[in-house]
Each structure stands twice: as structure tokens, then as C-alpha cells.
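A.B. asks: This is the structure I have questions about; it appears just below.
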Amino acid sequence: MNVGLLVGVISSSILSGTSLLYATLGEVVGERAGIVNLGLEGIMLIGAASGFAAAALTGSPYLGIAAAALAGAAANLIFAYVVVSRHANQLAAGLSLMFFGIGMSALIGRPFVGSLITALPQLPLPGVAEDGLGARLLSYDVLVYLALPAAIATWWLIYRTRWGLGLRTVGESPAAAYAAGLQPQRLQYQALTFAGALGGIAGAHLSVALTHTWAEGMTAGRGFIAIALVIFAKWDPLWAVVGALLFGAAEGLQLQLQAAGADVSPFVMNMTPYLLTLAVLVLWGWSRQSAAPAALGRNFVGVE
Amino acid sequence: MTRMRIVAAACWALLALIAAGPAAAQDKPPLIVGAIYVGSVNDYGYNRSMKDGLEEMKKNIPGLKLIEAENVPETAESERVMEGMIQQGAKLIFATSFGHQQFAFNLAKAHPDVYFEHAGGWMQAPNFGNFFGATQAAWYPMGVAAGKMTKTNTLGFVAGVPIGYVIGNINAFEMGARSVNPKAETRVVVTGGWSDKAKEATAAGALIDQGADVVTMHVDSPATVIQTAESRGKYSIGFQSVAAQALAPKYWITGLGFTWGPFMTETAKSVIAGTFKPAMVREGLGQGMMAVAPFGSEVPADVKSLVLAAADKVGKGFNPFTGPVTDNTGAVKIPAGESWGGDKMGNFDWYVEGVIGKAK
């Protein structure tokens, strides 16, 4: 393995893992409140399109990210209304949200296809040369630098705050939470708003930082990978970091190996990240009792 | 300021429309043309090239009316969109994406008085023809450009799906590069889709990590790969539309684009004159269906002239796939005295010598 390959794999797994991590963190928080959101793919697309549009309109990639967070949160609030207030089936509502997101993002993004935006700038760590391997390894955009702190903050939020305790209680048993004086539906709204904002940021990282492009359906299934990563991470934000990096590394490695001229069919190469996801889920699945929140997927119809 | 200008322009357009309205209603257009695109015409890629061609046709035939629809999926939905265009009086339809073929063909049978041109397919009927650029040999001059500009002797190629025609493009590219730089190698990364942007960015990054200092691509829109190369200070060569230079103000070398305008103009004229003849048209640099894009500012004059000379040679009939041609394992694939052209271009499942990678 040459140095370029190693640096490339590390760098590209960090780059493509970042978007996955934000999406996974959001989904973890939502599922901790007992709500599974299969519409994450749609939320990411809305974030990618709104972020790109806002960056094109204002000239500022940072405003693009902010807009993506707002748009993602707003779209997830629609979902929250449907499943929390109207008690709709979460899986059906999630899939509808995904299709809504595909259509909505196409509508938002259409006028901006081909727009040139100022991409989220690279901020090299101090003392790193501007070119070469060092720059590749140690120069990223602000969302990459914030990804790990975001995971730690989410962990802290879930396990070390009163809000997080309430959130976990709601995810395990909304009725018990209600009996303890919490407001399960309010907590679920808050969790889904947070999840939507992170999902929006995840999409915007793809359009505004990684590719500098908006194209319809550009998330290409990453929303679903993130949902799988939640299970891999056992609903723990810190394990989500590992999962996101692992998947990013698998994708980065197969592309790097192709570039390096590995003697493997490109068709096989392109399957490897997904095979890895499956393998990991299988290996983790049998070994222990599910760590899933007990009330996941079940609606709290309240004690009206 | 710009918003004021847009509002003002819109007002003027409205006024012009009101003024011209009655007159236009009297002057029946000589032909109404319908066009469907699979994506957005602002993609700097394939759809943009179609849009540019149709606009040229419109300019060449005064009064011609063009009805367009973007983002038309390659499903039965496209049949409904084209049917709607026929209801609006379209007598010539350009179905510009490969997957539109069957749906356009169904309509051609139902509407014998409407003429269809499909891009890339093979079906034929008295009112149904097809056309495409002969891309493979036309990639040869792109290789010449890359071979001259590289300092690392490593070229990178991001490919969507490795079908024979795409492999043929890569092969001709490498052969062009070798013709001016015997040390030039082309590394290939396949993303597995025509429009997976995040993978395209990562793939271009991987090629650059492996030493490529000139990057090119065959995917729907070149925008992501070109911008990735630009942001890392590497040269890029475009494909599909000749207009992609705007994406890379600094490190753009040149590009290969489809120039459909002349063919579309002739087709429209033949429909107006009632002389439409269906054909399977495959034309390249020599017939004006493909062109070399403008050069970037960093390209020296001697490189420009070499590239243009190579394009001229290909235009006059030079075929790089003339034996003996060996693959990258050393096996002779096209024996001396034989040459590959036309339909054979779909048969490539091997890379020529100098391409690093596996084709299947």
C-alpha cells in the first residue's frame, strides 16, 4: 500500500463520512425519542438543494449550511406533525417523507443546476503546507472539524442532561415518561427538529462542500445507509463516528484501489461498501440483545 | 440592481408579447419542434449540448417554434409529455435520452405524420430516425492534449458505467496521449452510475491522490469532476458540452463536446420541405457533430496546434483502432490489417496498453 493510497483513503473516508455522521447523529436522537424516520434520505436531499440554493443566492456557503439546517428542520416538523400529533404509521409516513423530499428538492434545486457557488472553504490546520499529502490529510472544511465535537455533544446531550434523560425515557416508554410528568410529544417534536437540522446539514455537506454541485437525487441512498448505521452504532453517538468512518473508508478504499490499478473488477468494487454494511449488521445483530429503544416505532397516542 | 433588471426585462418581455401576440397568431410557424431532456439543460453536460443544438436550429430557421421539457424520466411519463407536445402541434420531436427510445417509437407508430429523432438508439421507421456523435475516435485529440500537459505522466478518467462505448472513449484517449507522450498512463475509476456526485468527487480525488494531474470523465454532467480538479489545482478536460470551461477558470485544458446544431437544423428543414429520410446517423469531428472546446489560458500554442491537428486528422478519417492494437495485458486484440469502427465500438471489454485498470 503506497503512502498516497493510505492518505487518500483516510482523507476520503473523513470527507464522505462527515455527511453520514451528521445524518446518523440526527437519526439517533430521533430514534431515542422512539421515532424511526425512514424519510432521512428526503431530508438530506432537501438540505442539499436548499443549502446549494442559498449558497448560490447569497454567495456565502455558511449561509447555505444555515439554510439547509432550517429547511431540514422544517421538513422534519411536517413529519413530526404527521406521526406525533396525528399518530400516523411511522414507516409509511417516513417513506412518504422521502418521496416528498425527492420532489421538493428537485423543485428547490432546479433553478440552480449549473450555478457556480463558493464552496465551503478548506481551513488547513496551522503549519500545514498548501499542497501535497499534508494538505490532503490535514485540511478540511469547518463541518468536518465540527463533526466529532457534534458527536460528543450529542452523546453528552443524551446521557448527561436532564433533557436527554427525558428523551431516553420517552423512547423506552412514553407512558412512563408521561406518568413522571414529562411531555412525550413535546420531547419528540424537539428531537425531530434537531434530527431534521442535522439531516439538512448532512445533505448540504455533499452539495456545498464535497461536490460543489446540485443534482437531483445526489444523496444516492446515503440516507438509508445512515439509518443502518444507527443500528450498527446501537443508538450511541460515539459509535456512530466509528460507523460513519468505516462506511466512508469502504467507499473511499474501493475508489482508491481502482485508481491504484487493483486487479479487481470495478463491478465487485462498487458493491463492497454495501456488502460491508450487510456484514457488519449481521455480525452485530446476533451477538447481543437489541439496544433499540423499547418504544421505537410505536406511537404514543397520549392520555388525553 | 440585478433584481430591478430582471423585473424590467420581464415587463418588456410582457409588453413585447402583448404587442406581438396578434401578429404571431397570424404568422403560423413553419414548424413546431418538441424536445425532451432527461435532466436539466444547465448541467454543463449532455443536456446542455442538446439545448445548445436546438437553440442553434431555432436561430437558423426564422419563426420556428420550440417546445421543451426538462427532467423527463425514461419511463412511460415521457410518452405522455411527447403526446402533449404533439397535441400542441409539434411535427418533429427530438427525444434526447437513450431511455426515451421505446416511448418515442410507440408514438411514431401512432402518429405517422409526426417525425421523430432519437439520440443514441437504433430503431428505425419511415418517420423515426436516430443520431449520435461518433465519440470514440474524437477522444484521441483529447488524449493528445492530456499527454502534452501532464507532468506526472498520469492521467485520470472517471467513468460512470463501463459499457463498451465508454471503454472505447478511454482507449482512444490513452492512444492519443501515447501518440505524443509514450510514458503517459491513464488510470480509470468507475463510479457505477451516471450521476452519483459524491462518488464522482471522491473518485476524482482518488485519481489525483494516485498522481493524476489531468482529470477527465464520462458521466452525465462534468461539473463535479471538473470542480474537484480545479479546487485541487489539477488540469481538467471536459466532455459532453463545449461550454464547461466556466467551471474551471484556471486549470481547464479543453474538452470534447457534441455540436448537434447543424444536424438538427438540416432535420427541421427536411421536415418543412417534406423530404425527411430516417437514418442511423453517427457523425464525429469531421462532419461537425462533435467539436473541440475552446482552450484554457494555461495551454501553450504548440499544444493547441497539436490538438487541432489531431482533431483534423480524425475528422479526415483517421481511425486509432487500426491493428495491431494490444490490450493492457499484452494480448493483441485487433490484429494487423483489421480496424474497428461503427457498431464495433460497443464491443470493448478491454483496455488498451497504457490504461491502468480492469474493464470487467
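Lettering and numbering for the C-alpha cells are positional, with chains as A, B, ... in the shown order, residues counted from 1 in each chain, and ligands counted from 1 in the shown order.
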Output as JSON lines one row per residue of chain A within 6 Å of chain B: the closest atom pair and its distance in Å to one decimal place, counting only C-alpha atoms, sorted by chain and residue number ascending.
C.D. replies:
```
{"residue": "A:Gly4", "atom": "CA", "partner": "B:Asp209", "partner_atom": "CA", "distance": 5.6}
{"residue": "A:Gly8", "atom": "CA", "partner": "B:Asp209", "partner_atom": "CA", "distance": 5.9}
{"residue": "A:Val113", "atom": "CA", "partner": "B:Asn42", "partner_atom": "CA", "distance": 5.6}
{"residue": "A:Gly114", "atom": "CA", "partner": "B:Asn42", "partner_atom": "CA", "distance": 5.1}
{"residue": "A:Thr211", "atom": "CA", "partner": "B:Thr224", "partner_atom": "CA", "distance": 5.4}
{"residue": "A:Met218", "atom": "CA", "partner": "B:Lys197", "partner_atom": "CA", "distance": 5.9}
{"residue": "A:Leu255", "atom": "CA", "partner": "B:Ala203", "partner_atom": "CA", "distance": 5.6}
{"residue": "A:Gln256", "atom": "CA", "partner": "B:Ala206", "partner_atom": "CA", "distance": 5.0}
{"residue": "A:Gln258", "atom": "CA", "partner": "B:Val189", "partner_atom": "CA", "distance": 5.4}
{"residue": "A:Ala259", "atom": "CA", "partner": "B:Leu207", "partner_atom": "CA", "distance": 5.3}
{"residue": "A:Gly261", "atom": "CA", "partner": "B:Gly357", "partner_atom": "CA", "distance": 4.8}
{"residue": "A:Ser265", "atom": "CA", "partner": "B:Lys360", "partner_atom": "CA", "distance": 5.3}
```
A.B. asks: Give me, as JSON, numbers by chain, all polymer residues having an atom no more than 9 Å from Glu353 of chain B, counting only C-alpha atoms and skipping those fewer than 6 positions away in the same chain.
C.D. replies: {"B": [171, 174, 175, 185, 325, 326, 327, 328, 329, 330]}
A.B. asks: Which of these residues is nearest to Ala220 of chain A, using only C-alpha atoms: A:Glu41, A:Asp141, A:Glu172, A:Glu31?
C.D. replies: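 Distance minimum relative to Ala220 of chain A lands on A:Glu41.
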A.B. asks: Can you list, as a VMD selection string, every residue of segment 70-219 of chain A that DSSP puts in strand (DSSP E)?
C.D. replies: chain A and resid 123 to 124 139 to 140
A.B. asks: Leaving out segment 83-90 of chain A and any residue of its chain fewer than 5 positions from it, which residues lie within 7 Å of it when counting only C-alpha atoms, given as a list in words?
C.D. replies: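 My list of contacting residues is Val36, Asn37, Gln185, Gly297, Asn299 and Val301 of chain A.
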A.B. asks: So that I have them on file, write out the residues from the current selection with N, CA and C atoms, as an mmCIF file, in the first residue's frame.
C.D. replies:
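What ended up in selection34.cif:
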```cif
data_model
loop_
_atom_site.group_PDB
_atom_site.id
_atom_site.type_symbol
_atom_site.label_atom_id
_atom_site.label_comp_id
_atom_site.auth_asym_id
_atom_site.auth_seq_id
_atom_site.Cartn_x
_atom_site.Cartn_y
_atom_site.Cartn_z
ATOM 1 N N VAL A 36 -38.755 6.334 14.404
ATOM 2 C CA VAL A 36 -37.871 5.946 13.314
ATOM 3 C C VAL A 36 -38.299 6.736 12.085
ATOM 4 N N ASN A 37 -37.315 7.382 11.449
ATOM 5 C CA ASN A 37 -37.623 8.248 10.316
ATOM 6 C C ASN A 37 -36.966 7.708 9.053
ATOM 7 N N GLN A 185 -44.758 14.130 23.760
ATOM 8 C CA GLN A 185 -44.917 14.649 22.400
ATOM 9 C C GLN A 185 -44.042 15.880 22.173
ATOM 10 N N GLY A 297 -40.741 3.133 17.070
ATOM 11 C CA GLY A 297 -41.695 2.827 16.012
ATOM 12 C C GLY A 297 -43.135 2.809 16.477
ATOM 13 N N ASN A 299 -46.348 4.572 18.258
ATOM 14 C CA ASN A 299 -46.816 5.923 18.520
ATOM 15 C C ASN A 299 -47.399 6.033 19.917
ATOM 16 N N VAL A 301 -50.103 7.567 21.791
ATOM 17 C CA VAL A 301 -51.355 8.244 21.476
ATOM 18 C C VAL A 301 -51.843 9.084 22.652
#
```
A.B. asks: Set the distance at 9 Å and use only C-alpha atoms: which residues neighbour Gln188 of chain A once local chain neighbours fewer than 6 positions away are removed? I'd like the list as a list in words.
C.D. replies: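 After dropping sequence-adjacent residues, the list is Gly30, Ala33, Gly34, Ile35, Ala80, Val84, Leu167, Val170 and Gly171 of chain A.
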A.B. asks: For the structure I just gave you, how does DSSP split segment 62-271 of chain A - specifically, which residues are helix (DSSP H, G or I)? Reply as number ranges by chain.
C.D. replies: A: 62-85, 90-112, 132-138, 142-160, 162-172, 174-179, 184-211, 222-232, 237-260, 266-271
